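Asker: Handing over protein.tsv, TSV, C-alpha atoms and all ligand atoms.
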chain	number	residue	atom	x	y	z
A	1	LEU	CA	15.29	-26.21	-19.74
A	2	ASP	CA	18.07	-28.11	-21.41
A	3	GLY	CA	16.08	-31.02	-22.69
A	4	ALA	CA	19.11	-32.82	-24.15
A	5	ALA	CA	20.89	-32.97	-20.83
A	6	GLY	CA	17.52	-33.81	-19.26
A	7	LYS	CA	18.19	-31.37	-16.46
A	8	ALA	CA	16.82	-27.96	-15.51
A	9	VAL	CA	19.38	-25.36	-16.52
A	10	ILE	CA	17.96	-22.25	-14.94
A	11	ASN	CA	19.52	-19.18	-16.45
A	12	MET	CA	20.95	-17.57	-13.32
A	13	ASN	CA	21.57	-14.01	-14.41
A	14	ASP	CA	22.04	-10.68	-12.67
A	15	GLU	CA	18.29	-10.27	-12.11
A	16	THR	CA	17.98	-13.72	-10.54
A	17	TYR	CA	20.66	-12.94	-7.97
A	18	MET	CA	19.40	-9.38	-7.38
A	19	ASN	CA	15.90	-10.75	-6.75
A	20	PHE	CA	17.41	-13.05	-4.13
A	21	ALA	CA	19.22	-10.11	-2.53
A	22	LEU	CA	15.91	-8.17	-2.50
A	23	ASP	CA	14.15	-11.09	-0.80
A	24	LEU	CA	16.87	-11.05	1.87
A	25	ALA	CA	16.45	-7.27	2.29
A	26	VAL	CA	12.65	-7.50	2.72
A	27	SER	CA	13.00	-10.25	5.35
A	28	ALA	CA	13.98	-7.50	7.85
A	29	SER	CA	11.03	-5.26	6.90
A	30	GLY	CA	10.11	-2.83	9.69
A	31	GLN	CA	13.19	-3.67	11.78
A	32	THR	CA	15.93	-1.51	10.28
A	33	SER	CA	14.44	2.00	10.72
A	34	PRO	CA	15.98	4.58	10.60
A	35	ASN	CA	18.24	2.59	8.22
A	36	PRO	CA	17.03	1.24	4.86
A	37	LEU	CA	16.40	-2.40	3.99
A	38	VAL	CA	19.47	-3.84	2.21
A	39	GLY	CA	20.31	-7.32	0.93
A	40	ALA	CA	23.58	-8.66	-0.52
A	41	VAL	CA	24.56	-11.83	-2.38
A	42	ILE	CA	28.08	-12.84	-3.49
A	43	VAL	CA	28.33	-15.24	-6.45
A	44	LYS	CA	31.40	-17.06	-7.81
A	45	ASN	CA	31.25	-19.45	-10.78
A	46	ASN	CA	27.42	-19.40	-10.54
A	47	GLN	CA	27.58	-20.50	-6.90
A	48	ILE	CA	26.25	-18.31	-4.08
A	49	VAL	CA	29.22	-18.10	-1.69
A	50	GLY	CA	27.96	-15.29	0.54
A	51	MET	CA	24.69	-13.61	1.47
A	52	GLY	CA	23.27	-11.29	4.11
A	53	ALA	CA	20.77	-8.60	5.04
A	54	HIS	CA	20.92	-5.53	7.24
A	55	LEU	CA	18.84	-6.65	10.22
A	56	LYS	CA	18.72	-3.71	12.64
A	57	ALA	CA	20.14	-0.20	12.87
A	58	GLY	CA	23.59	-0.29	14.48
A	59	THR	CA	24.29	-3.90	13.47
A	60	PRO	CA	26.47	-4.92	10.47
A	61	HIS	CA	25.33	-3.94	6.99
A	62	ALA	CA	24.24	-6.60	4.47
A	63	GLU	CA	27.60	-6.55	2.68
A	64	VAL	CA	29.46	-7.28	5.92
A	65	HIS	CA	27.44	-10.45	6.51
A	66	ALA	CA	27.88	-11.57	2.88
A	67	VAL	CA	31.65	-10.90	2.76
A	68	ARG	CA	32.16	-12.66	6.11
A	69	MET	CA	30.32	-15.72	4.80
A	70	ALA	CA	32.21	-15.73	1.47
A	71	GLY	CA	35.67	-15.44	3.08
A	72	ASP	CA	38.38	-15.80	0.43
A	73	GLN	CA	35.77	-17.09	-2.05
A	74	ALA	CA	34.88	-13.39	-2.51
A	75	GLN	CA	38.07	-12.90	-4.56
A	76	GLY	CA	37.15	-12.61	-8.23
A	77	ALA	CA	33.42	-12.96	-7.39
A	78	THR	CA	30.43	-10.72	-8.21
A	79	ALA	CA	28.60	-8.93	-5.38
A	80	TYR	CA	24.90	-8.07	-5.81
A	81	VAL	CA	23.78	-5.26	-3.44
A	82	THR	CA	20.26	-3.82	-3.41
A	83	LEU	CA	21.46	-0.34	-2.35
A	84	GLU	CA	24.70	1.42	-3.28
A	85	PRO	CA	27.38	0.38	-0.70
A	86	CYS	CA	27.97	3.09	1.90
A	87	SER	CA	31.15	5.13	1.59
A	88	HIS	CA	31.06	7.03	4.88
A	89	TYR	CA	31.93	6.05	8.44
A	90	GLY	CA	28.56	5.64	10.18
A	91	ARG	CA	28.31	3.27	13.09
A	92	THR	CA	30.22	0.67	11.00
A	93	PRO	CA	33.17	1.05	8.54
A	94	PRO	CA	32.27	1.83	4.90
A	95	CYS	CA	31.09	-1.18	2.90
A	96	ALA	CA	32.67	0.15	-0.31
A	97	ASP	CA	36.10	-0.25	1.34
A	98	LEU	CA	35.18	-3.72	2.61
A	99	LEU	CA	34.17	-4.84	-0.89
A	100	ILE	CA	37.45	-3.45	-2.29
A	101	GLU	CA	39.46	-5.34	0.36
A	102	SER	CA	37.51	-8.53	-0.37
A	103	ARG	CA	38.79	-8.31	-3.99
A	104	VAL	CA	35.44	-8.93	-5.68
A	105	ASP	CA	35.90	-7.99	-9.32
A	106	ARG	CA	32.33	-6.93	-10.09
A	107	VAL	CA	29.58	-5.20	-8.09
A	108	VAL	CA	25.96	-5.01	-9.28
A	109	VAL	CA	23.84	-2.31	-7.55
A	110	ALA	CA	20.06	-1.84	-7.75
A	111	SER	CA	19.31	1.54	-6.06
A	112	VAL	CA	21.62	4.53	-5.85
A	113	ASP	CA	21.67	6.00	-2.33
A	114	PRO	CA	19.11	8.88	-2.18
A	115	ASN	CA	21.01	10.62	0.61
A	116	PRO	CA	22.38	13.75	-1.11
A	117	GLU	CA	25.54	13.58	1.05
A	118	VAL	CA	26.58	10.12	-0.15
A	119	LYS	CA	24.77	9.70	-3.49
A	120	GLY	CA	27.11	7.98	-5.99
A	121	ARG	CA	30.22	8.15	-3.74
A	122	GLY	CA	30.25	4.42	-3.00
A	123	ILE	CA	29.99	3.61	-6.69
A	124	GLU	CA	32.81	6.03	-7.54
A	125	LYS	CA	35.03	4.50	-4.85
A	126	LEU	CA	34.50	0.99	-6.27
A	127	LYS	CA	35.21	2.14	-9.84
A	128	ALA	CA	38.36	4.00	-8.71
A	129	ALA	CA	39.60	0.70	-7.27
A	130	GLY	CA	39.22	-0.96	-10.67
A	131	ILE	CA	36.02	-2.84	-9.85
A	132	THR	CA	33.42	-3.20	-12.64
A	133	VAL	CA	30.17	-1.63	-11.38
A	134	GLU	CA	26.72	-2.14	-12.92
A	135	VAL	CA	23.96	0.18	-11.59
A	136	GLY	CA	20.16	-0.03	-11.88
A	137	VAL	CA	19.45	-3.77	-12.06
A	138	LEU	CA	15.84	-4.09	-10.70
A	139	LYS	CA	16.06	-0.43	-9.61
A	140	GLU	CA	12.27	0.16	-9.49
A	141	LYS	CA	11.68	-2.89	-7.30
A	142	ALA	CA	14.60	-1.96	-5.02
A	143	ASP	CA	13.50	1.69	-4.69
A	144	LYS	CA	9.98	0.55	-3.77
A	145	ILE	CA	11.06	-1.60	-0.80
A	146	ASN	CA	12.69	1.53	0.63
A	147	SER	CA	9.93	4.03	-0.23
A	148	PHE	CA	9.82	5.25	3.41
A	149	PHE	CA	13.60	5.78	3.64
A	150	PHE	CA	13.87	7.37	0.20
A	151	HIS	CA	10.97	9.76	0.82
A	152	TYR	CA	12.43	10.79	4.18
A	153	MET	CA	15.94	11.33	2.72
A	154	LYS	CA	14.49	13.52	-0.05
A	155	THR	CA	12.00	15.55	2.02
A	156	ALA	CA	13.11	15.25	5.69
A	157	THR	CA	9.44	14.52	6.41
A	158	PRO	CA	7.69	11.20	7.09
A	159	TYR	CA	6.20	9.07	4.31
A	160	VAL	CA	2.45	9.27	5.02
A	161	THR	CA	0.11	6.30	4.68
A	162	LEU	CA	-3.58	7.17	5.19
A	163	LYS	CA	-5.55	4.22	6.54
A	164	ALA	CA	-9.36	4.27	6.46
A	165	ALA	CA	-11.94	1.61	7.24
A	166	ALA	CA	-15.41	2.31	5.86
A	167	THR	CA	-18.74	0.69	5.15
A	168	LEU	CA	-19.72	0.16	1.51
A	169	ASP	CA	-21.59	3.48	1.72
A	170	GLY	CA	-18.43	5.27	2.81
A	171	LYS	CA	-19.05	5.80	6.51
A	172	THR	CA	-16.60	5.32	9.38
A	173	ALA	CA	-19.27	5.44	12.09
A	174	SER	CA	-23.04	5.59	12.35
A	175	TYR	CA	-24.81	8.87	13.14
A	176	THR	CA	-24.59	7.89	16.84
A	177	GLY	CA	-20.81	7.40	16.50
A	178	SER	CA	-21.02	3.63	16.68
A	179	SER	CA	-18.10	2.04	14.79
A	180	LYS	CA	-17.08	-1.20	16.41
A	181	TRP	CA	-16.47	-3.01	14.29
A	182	ILE	CA	-16.83	-2.11	10.67
A	183	THR	CA	-14.19	-4.51	9.35
A	184	GLY	CA	-13.55	-8.05	10.54
A	185	GLU	CA	-10.67	-9.80	12.29
A	186	ARG	CA	-8.61	-10.53	9.15
A	187	ALA	CA	-8.71	-6.89	7.97
A	188	ARG	CA	-7.91	-5.61	11.45
A	189	GLU	CA	-4.93	-8.00	11.64
A	190	ASP	CA	-3.67	-6.50	8.37
A	191	VAL	CA	-3.99	-3.07	9.99
A	192	HIS	CA	-1.79	-4.20	12.89
A	193	LEU	CA	0.83	-5.55	10.47
A	194	ASN	CA	0.89	-2.18	8.74
A	195	ARG	CA	1.03	-0.28	12.03
A	196	MET	CA	4.16	-2.22	12.86
A	197	LYS	CA	5.83	-1.23	9.56
A	198	HIS	CA	5.53	2.47	10.38
A	199	ASP	CA	7.57	4.53	12.86
A	200	ALA	CA	4.43	6.24	14.23
A	201	ILE	CA	0.62	6.03	14.26
A	202	LEU	CA	-1.46	9.23	14.30
A	203	ILE	CA	-5.06	10.04	15.17
A	204	GLY	CA	-7.03	13.19	15.96
A	205	ALA	CA	-8.34	14.28	19.35
A	206	GLY	CA	-11.89	13.45	18.26
A	207	THR	CA	-11.01	9.79	17.68
A	208	ALA	CA	-8.98	9.69	20.89
A	209	ALA	CA	-12.03	10.96	22.83
A	210	ALA	CA	-14.60	8.81	21.00
A	211	ASP	CA	-12.74	5.50	20.90
A	212	ASP	CA	-10.16	5.78	23.70
A	213	PRO	CA	-7.98	3.60	21.42
A	214	SER	CA	-4.83	1.63	22.29
A	215	LEU	CA	-3.10	2.24	18.93
A	216	ASN	CA	-0.72	-0.60	19.66
A	217	VAL	CA	0.34	-3.62	17.62
A	218	ARG	CA	-1.59	-6.61	18.92
A	219	LEU	CA	0.15	-9.42	17.04
A	220	ASP	CA	1.83	-12.29	18.84
A	221	HIS	CA	5.06	-11.84	16.85
A	222	ALA	CA	5.07	-8.03	17.22
A	223	PHE	CA	8.67	-6.80	17.18
A	224	ARG	CA	7.96	-3.09	17.35
A	225	GLN	CA	5.43	-0.76	18.95
A	226	PRO	CA	5.30	2.51	16.97
A	227	VAL	CA	5.14	5.91	18.63
A	228	ARG	CA	1.51	7.00	19.15
A	229	ILE	CA	0.63	10.58	18.15
A	230	ILE	CA	-2.55	12.57	18.89
A	231	LEU	CA	-3.28	15.86	17.09
A	232	ASP	CA	-4.95	17.91	19.83
A	233	THR	CA	-4.74	21.68	19.32
A	234	SER	CA	-6.29	22.59	22.67
A	235	LEU	CA	-5.15	19.53	24.70
A	236	ARG	CA	-8.65	18.29	25.38
A	237	THR	CA	-7.43	14.64	25.60
A	238	SER	CA	-8.16	13.16	29.00
A	239	PRO	CA	-5.20	12.30	31.28
A	240	THR	CA	-7.08	9.05	31.93
A	241	ALA	CA	-6.80	8.00	28.25
A	242	LYS	CA	-6.10	4.27	28.08
A	243	MET	CA	-2.98	4.59	25.93
A	244	LEU	CA	-1.31	6.81	28.54
A	245	HIS	CA	-1.45	4.02	31.13
A	246	ASP	CA	-0.75	0.81	29.20
A	247	LYS	CA	3.06	1.04	29.54
A	248	GLY	CA	3.24	0.74	25.76
A	249	ALA	CA	4.95	2.96	23.18
A	250	PRO	CA	5.41	6.70	23.87
A	251	VAL	CA	2.40	8.97	23.36
A	252	TRP	CA	3.14	12.35	21.77
A	253	ILE	CA	0.39	14.96	21.84
A	254	ILE	CA	0.79	17.81	19.33
A	255	CYS	CA	-0.88	21.05	20.40
A	256	GLY	CA	-1.14	24.68	19.33
A	257	SER	CA	0.69	27.57	20.98
A	258	GLY	CA	-2.43	28.59	22.89
A	259	ALA	CA	-2.98	25.28	24.65
A	260	ASP	CA	-3.70	25.58	28.36
A	261	GLU	CA	-0.57	25.12	30.52
A	262	LYS	CA	-2.44	23.25	33.29
A	263	ARG	CA	-3.78	20.70	30.80
A	264	LYS	CA	-0.24	20.30	29.46
A	265	GLN	CA	1.08	19.55	32.93
A	266	ALA	CA	-1.74	17.12	33.72
A	267	LEU	CA	-1.08	15.18	30.51
A	268	GLU	CA	2.69	15.19	31.09
A	269	ALA	CA	2.05	13.90	34.61
A	270	ALA	CA	0.02	11.10	33.00
A	271	GLY	CA	3.03	10.20	30.85
A	272	ALA	CA	2.40	12.02	27.57
A	273	ASP	CA	5.11	13.95	25.69
A	274	ILE	CA	3.57	17.27	24.70
A	275	ILE	CA	4.86	18.94	21.53
A	276	LYS	CA	3.66	22.54	21.53
A	277	LEU	CA	3.90	24.24	18.12
A	278	GLN	CA	4.74	27.93	17.60
A	279	GLU	CA	1.47	28.32	15.70
A	280	GLU	CA	-2.05	28.60	17.15
A	281	THR	CA	-3.35	25.85	14.86
A	282	ILE	CA	-1.74	22.66	13.57
A	283	THR	CA	-1.06	22.71	9.84
A	284	ILE	CA	0.05	19.52	8.10
A	285	PRO	CA	3.29	20.89	6.60
A	286	VAL	CA	4.40	22.16	10.04
A	287	LEU	CA	3.37	18.87	11.67
A	288	LEU	CA	5.33	16.80	9.12
A	289	GLY	CA	8.39	19.04	9.45
A	290	LYS	CA	8.30	18.64	13.22
A	291	LEU	CA	7.94	14.85	13.02
A	292	GLY	CA	10.77	14.74	10.45
A	293	GLU	CA	13.02	16.57	12.93
A	294	LYS	CA	12.17	13.84	15.45
A	295	ASN	CA	13.32	11.15	12.98
A	296	ILE	CA	9.85	9.82	12.18
A	297	GLN	CA	10.37	8.41	8.67
A	298	SER	CA	6.92	6.89	8.20
A	299	LEU	CA	3.53	7.83	9.58
A	300	TYR	CA	0.34	5.72	9.61
A	301	VAL	CA	-2.68	8.03	9.84
A	302	GLU	CA	-5.79	6.28	11.16
A	303	GLY	CA	-8.27	9.17	11.16
A	304	GLY	CA	-10.82	10.39	12.03
A	305	ALA	CA	-12.56	12.29	9.25
A	306	ALA	CA	-11.19	15.70	10.23
A	307	VAL	CA	-7.60	14.44	10.25
A	308	HIS	CA	-7.97	12.50	7.00
A	309	GLY	CA	-9.61	15.58	5.51
A	310	SER	CA	-6.71	17.81	6.53
A	311	PHE	CA	-4.15	15.48	4.93
A	312	LEU	CA	-6.26	15.31	1.77
A	313	ASP	CA	-6.75	19.10	1.62
A	314	ALA	CA	-2.96	19.49	1.98
A	315	ALA	CA	-2.31	16.74	-0.63
A	316	ALA	CA	0.17	15.47	1.96
A	317	PHE	CA	0.04	11.69	1.70
A	318	GLN	CA	1.98	9.12	-0.30
A	319	GLU	CA	-0.18	6.02	0.08
A	320	LEU	CA	-3.78	5.08	0.88
A	321	HIS	CA	-4.99	1.84	2.50
A	322	TYR	CA	-8.77	1.81	2.18
A	323	TYR	CA	-10.65	-1.06	3.82
A	324	ILE	CA	-14.28	-1.57	2.78
A	325	ALA	CA	-16.77	-3.72	4.69
A	326	PRO	CA	-19.81	-5.10	2.84
A	327	LYS	CA	-22.15	-3.21	5.15
A	328	LEU	CA	-24.56	-0.31	4.67
A	329	ILE	CA	-25.40	2.03	7.51
A	330	GLY	CA	-26.82	5.12	5.81
A	331	GLY	CA	-27.57	8.20	7.89
A	332	LYS	CA	-27.37	11.79	6.70
A	333	THR	CA	-25.12	12.67	9.61
A	334	ALA	CA	-23.18	9.40	9.75
A	335	PHE	CA	-19.40	9.98	9.78
A	336	PRO	CA	-17.66	10.22	6.38
A	337	VAL	CA	-14.11	9.00	5.75
A	338	PHE	CA	-12.78	12.40	4.70
A	339	GLY	CA	-13.92	15.62	6.35
A	340	GLY	CA	-12.01	18.87	5.87
A	341	ARG	CA	-12.78	21.40	3.14
A	342	GLY	CA	-12.84	19.08	0.17
A	343	ILE	CA	-12.76	20.14	-3.46
A	344	ALA	CA	-15.41	22.24	-5.27
A	345	LEU	CA	-15.28	20.79	-8.77
A	346	MET	CA	-14.61	17.23	-9.91
A	347	GLU	CA	-11.61	18.27	-11.99
A	348	GLU	CA	-9.92	19.17	-8.66
A	349	ALA	CA	-10.37	15.63	-7.29
A	350	ALA	CA	-7.23	13.95	-5.98
A	351	GLU	CA	-6.64	11.26	-8.59
A	352	LEU	CA	-5.20	7.97	-7.44
A	353	VAL	CA	-3.58	4.97	-9.07
A	354	VAL	CA	-4.92	1.72	-7.60
A	355	GLU	CA	-2.01	-0.68	-7.10
A	356	SER	CA	-4.00	-3.59	-5.66
A	357	THR	CA	-7.36	-4.76	-4.37
A	358	GLU	CA	-7.37	-7.65	-1.92
A	359	THR	CA	-10.05	-9.64	-0.15
A	360	LEU	CA	-9.46	-10.00	3.59
A	361	GLY	CA	-12.16	-12.19	5.09
A	362	GLU	CA	-15.40	-10.53	4.00
A	363	ASP	CA	-13.74	-7.16	3.55
A	364	MET	CA	-11.85	-5.57	0.66
A	365	LYS	CA	-8.62	-3.57	0.84
A	366	ILE	CA	-7.67	-1.06	-1.83
A	367	THR	CA	-4.04	0.13	-1.90
A	368	ALA	CA	-3.67	3.30	-3.95
A	369	PHE	CA	-1.17	6.10	-4.58
A	370	PRO	CA	-1.74	9.72	-5.61
A	371	LYS	CA	-1.13	10.19	-9.33
A	372	LYS	CA	2.26	11.88	-9.83
A	373	GLY	CA	2.36	15.49	-11.01
B	1	LIG	N1	-13.78	0.84	13.66
B	1	LIG	C1	-12.74	0.38	12.91
B	1	LIG	C2	-11.52	1.05	12.90
B	1	LIG	N2	-11.38	2.16	13.68
B	1	LIG	C3	-10.29	2.91	13.66
B	1	LIG	C4	-10.12	3.94	14.73
B	1	LIG	O1	-11.29	4.74	14.75
B	1	LIG	C5	-10.00	3.26	16.12
B	1	LIG	O2	-10.01	4.25	17.11
B	1	LIG	C6	-8.63	2.57	16.27
B	1	LIG	O3	-8.32	1.78	15.18
B	1	LIG	C7	-8.73	1.69	17.50
B	1	LIG	O4	-7.43	1.26	17.74
B	1	LIG	P1	-7.21	0.09	18.81
B	1	LIG	O5	-7.79	0.58	20.10
B	1	LIG	O6	-5.73	-0.12	18.87
B	1	LIG	O7	-7.95	-1.11	18.27
B	1	LIG	N3	-10.50	0.58	12.15
B	1	LIG	C8	-10.63	-0.54	11.41
B	1	LIG	O8	-9.71	-0.95	10.72
B	1	LIG	N4	-11.81	-1.22	11.38
B	1	LIG	C9	-12.87	-0.80	12.12
B	1	LIG	O9	-13.91	-1.45	12.10
Here is the file; what I need is its structure written in the form of C-alpha cells.

Answerer:
Amino acid sequence: LDGAAGKAVINMNDETYMNFALDLAVSASGQTSPNPLVGAVIVKNNQIVGMGAHLKAGTPHAEVHAVRMAGDQAQGATAYVTLEPCSHYGRTPPCADLLIESRVDRVVVASVDPNPEVKGRGIEKLKAAGITVEVGVLKEKADKINSFFFHYMKTATPYVTLKAAATLDGKTASYTGSSKWITGERAREDVHLNRMKHDAILIGAGTAAADDPSLNVRLDHAFRQPVRIILDTSLRTSPTAKMLHDKGAPVWIICGSGADEKRKQALEAAGADIIKLQEETITIPVLLGKLGEKNIQSLYVEGGAAVHGSFLDAAAFQELHYYIAPKLIGGKTAFPVFGGRGIALMEEAAELVVESTETLGEDMKITAFPKKG
C-alpha cells in the first residue's frame, strides 16, 4: 500500500495476471473435454485490454477471445496464457500465429503443452518472430488444473479417480448389503459435481445388480452426463437395468471374450454398447487402454469393493476421493471398501499424500494422491 499517496497500489505483476488467466480457464471446468482448460489475459500499460477462456471443444481458443477483445490495443502488449499457444491447425487456426499478427511484444506462458507432437513448437514460433517469451509462471498451478488432459496426453489412458463412501468403520454396506444411504445429501451432491467433471463413470457388475444405479448427474445446472461403464465379464447385467432405459448418457458394458452371445444381443437390444475384450478376463491395464482408444480422458470409479480392489492391486489410480460418514455398522461380513488381493505386508501398502480433508454436512471427505515413485 502506498501510504503517502493514500491509495492502494497493488503490485500487479506476472503472477497476478496469470492467476486471473487461470481463474478464467477454470471457469469452463468440465466443459472443454477433450480439450484442456485454457485462459488468456492481455495487458497494456497495466490495464487489462483483453481476456478469454476456451469454453468448449471446437469453439475459439482462449487467445482468440482475448485478442478479439484487445483489438489494436494488443500491439506492444503482454499476453498471459495458461497453456503454450497451439502451433498446429486443429479445428481453429494456430494461436501462435494469431499472437504474432496481433503484434504483442511479450508472451508469458504457464504450462508447456504435454502433447509430444506440439510440445515447445508454439513457444519457438513466438521467439522466432522476435517476441519475448517467459515460460513457467505458476506452472504447478496451471498443470494441476489440466491433470486429466496432461495424464491422457502422456499415457493415452484415462486419469482415474477412485471414489468411495464408507462408514467410520470402513464399510460400504452392511452384511445384508444395505447401503442407502451412508453419506448425506451434501456429500452426495459433491459426488454428482465430481461425476460431471469426468468423461465416464465406472462400476462393477455386482454394484449394478445390487443397486440398479442411475449413475447420472442429478444437479439442476448439470451441463454434462458422463458415459456410464459397467465391468461385467460374463454379461450378467439385466437388460431391465434402470440406466438402460432412462434415455440418459450411453451405457458401455465391458465383457470378456467368453461372454454369451445371446446375453450380448439382449443387452444391445436394451440399448447398451457392448465392448468385448480379446481376453477372457478384464484386466485394468487392458481396460484403461481400451477406454483411452475411445477418448475417455478421465474416469470416476465408484466401486464396488471388487472393482476398487482391482484398481488398487494394479496401482492404477491417480486420485482418491474418500467420503466417511460418522456411522458404525460392524459385521464380520459387512462389505469393505477395497476387495481384491490386497497386500501381504505393511511395507507394501499403497502410500498416499492427503491433499485435503473437508467437512460436508456431517460427513468428511479426504482427497488423496498416491505417493510418487
Ligand atoms: N451408498 C452410497 C453410495 N453408493 C455408491 C454406489 O454403490 C451406488 O450404486 C451409486 O452411487 C448409486 O448411484 P445413483 O443411482 O446415481 O445414485 N455412494 C455415496 O456417495 N454415498 C452412499 O451412501

Asker: Return as a ChimeraX atom specification the residues of protein, DNA or RNA that approach ligand LIG 1 (chain B) to within 8 Å, with only C-alpha atoms and all ligand atoms taken into account.

Answerer: /A:163-166,172-173,179-184,187-188,191,203,207-208,210-218,302-304,323

Asker: Work out how far apart atom CA of A:Gly342 and atom CA of A:Val286 are and give it in Å to one decimal.

Answerer: 20.1 Å

Asker: Quick check, in Å to one decimal: how far apart do atom CA of A:Ile229 and atom CA of A:Trp252 lie?

Answerer: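 Calculated distance between atom CA of A:Ile229 and atom CA of A:Trp252 is 4.7 Å.
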
Asker: Just want the 9 Å neighbourhood of A:Ser33, counted on all atoms listed in the file, with same-chain residues fewer than 6 positions away dropped. Output as an NGL selection string.

Answerer: :A and (56-57 or 149 or 198-199 or 297)

Asker: Please identify all polymer residues within 10 Å of A:Asn46, counting all atoms listed in the file, omitting same-chain residues fewer than 6 positions from it, and present them as an MDAnalysis selection string.

Answerer: chainID A and resid 11:13 17 77:78

Asker: Calculate how many Å separate atom CA of A:Pro370 from atom CA of A:Met18, rounding to one decimal.

Answerer: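 Atom-to-atom, atom CA of A:Pro370 to atom CA of A:Met18, that is 28.5 Å.
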
Asker: Do you know which residues are at most 6 Å from A:Ala21 counting all atoms listed in the file, after dropping those on the same chain fewer than 2 positions away, and could you put them as a list in words?

Answerer: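 Here the qualifying residues turn out to be Met18, Asn19, Asp23, Leu24, Gly39, Ala40 and Val41 of chain A.
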
Asker: With all atoms listed in the file as the atoms that count, which of A:Thr283, A:Ser238, A:Thr155, A:Thr233 lies nearest to A:Gly258?

Answerer: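 Distance minimum relative to A:Gly258 lands on A:Thr233.
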
Asker: Neighbourhood query: residues within 12 Å of (29.9, 3.4, 7.7), file coordinates, counting all atoms listed in the file; return as number ranges by chain.

Answerer: A: 35, 57-64, 85-98, 118, 122

Asker: For stretch 244-249 of chain A, please output as a list in words all residues within 9 Å (counting all atoms listed in the file; exclusion window: fewer than 4 positions along the same chain).

Answerer: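 Using all atoms listed in the file, the neighbours found are Ser214, Asn216, Arg224, Gln225, Pro226, Val227, Arg228, Pro239, Thr240, Leu267, Ala270, Gly271 and Ala272 of chain A.
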
Asker: Find, counting only C-alpha atoms, the residue in A:Ile343, A:Ala334, A:Ile284, A:Ala259 that gets nearest to A:Ser310.

Answerer: A:Ile284

Asker: Could you list, as a ChimeraX atom specification, every residue within 9 Å of stretch 134-144 of chain A, counting all atoms listed in the file and ignoring same-chain residues fewer than 3 positions away?

Answerer: /A:14-15,18-19,22,38,82-84,106-112,123,147-148,150

Asker: Between A:Ala344, A:Ala350, A:Leu291, A:Val104, which residue has the minimum interatomic distance to A:Ala156, considering only C-alpha atoms?

Answerer: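 Of A:Ala344, A:Ala350, A:Leu291, A:Val104, the one nearest A:Ala156, counting only C-alpha atoms, is A:Leu291.
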
Asker: Assuming 5 Å of padding per side, give the centre and edge lengths of the axis-aligned box around every listed atom of stretch 39-43 of chain A, in Å to one decimal and as AutoDock Vina command-line options.

Answerer:
--center_x 24.3 --center_y -11.3 --center_z -2.8 --size_x 18.0 --size_y 17.9 --size_z 17.4

Asker: From the options A:Asp313, A:Leu345, A:Gly289, A:Tyr322, which residue's atoms come nearest to A:Pro158, counting all atoms listed in the file?

Answerer: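 Answer, going by the shortest atom-to-atom distance: A:Gly289.
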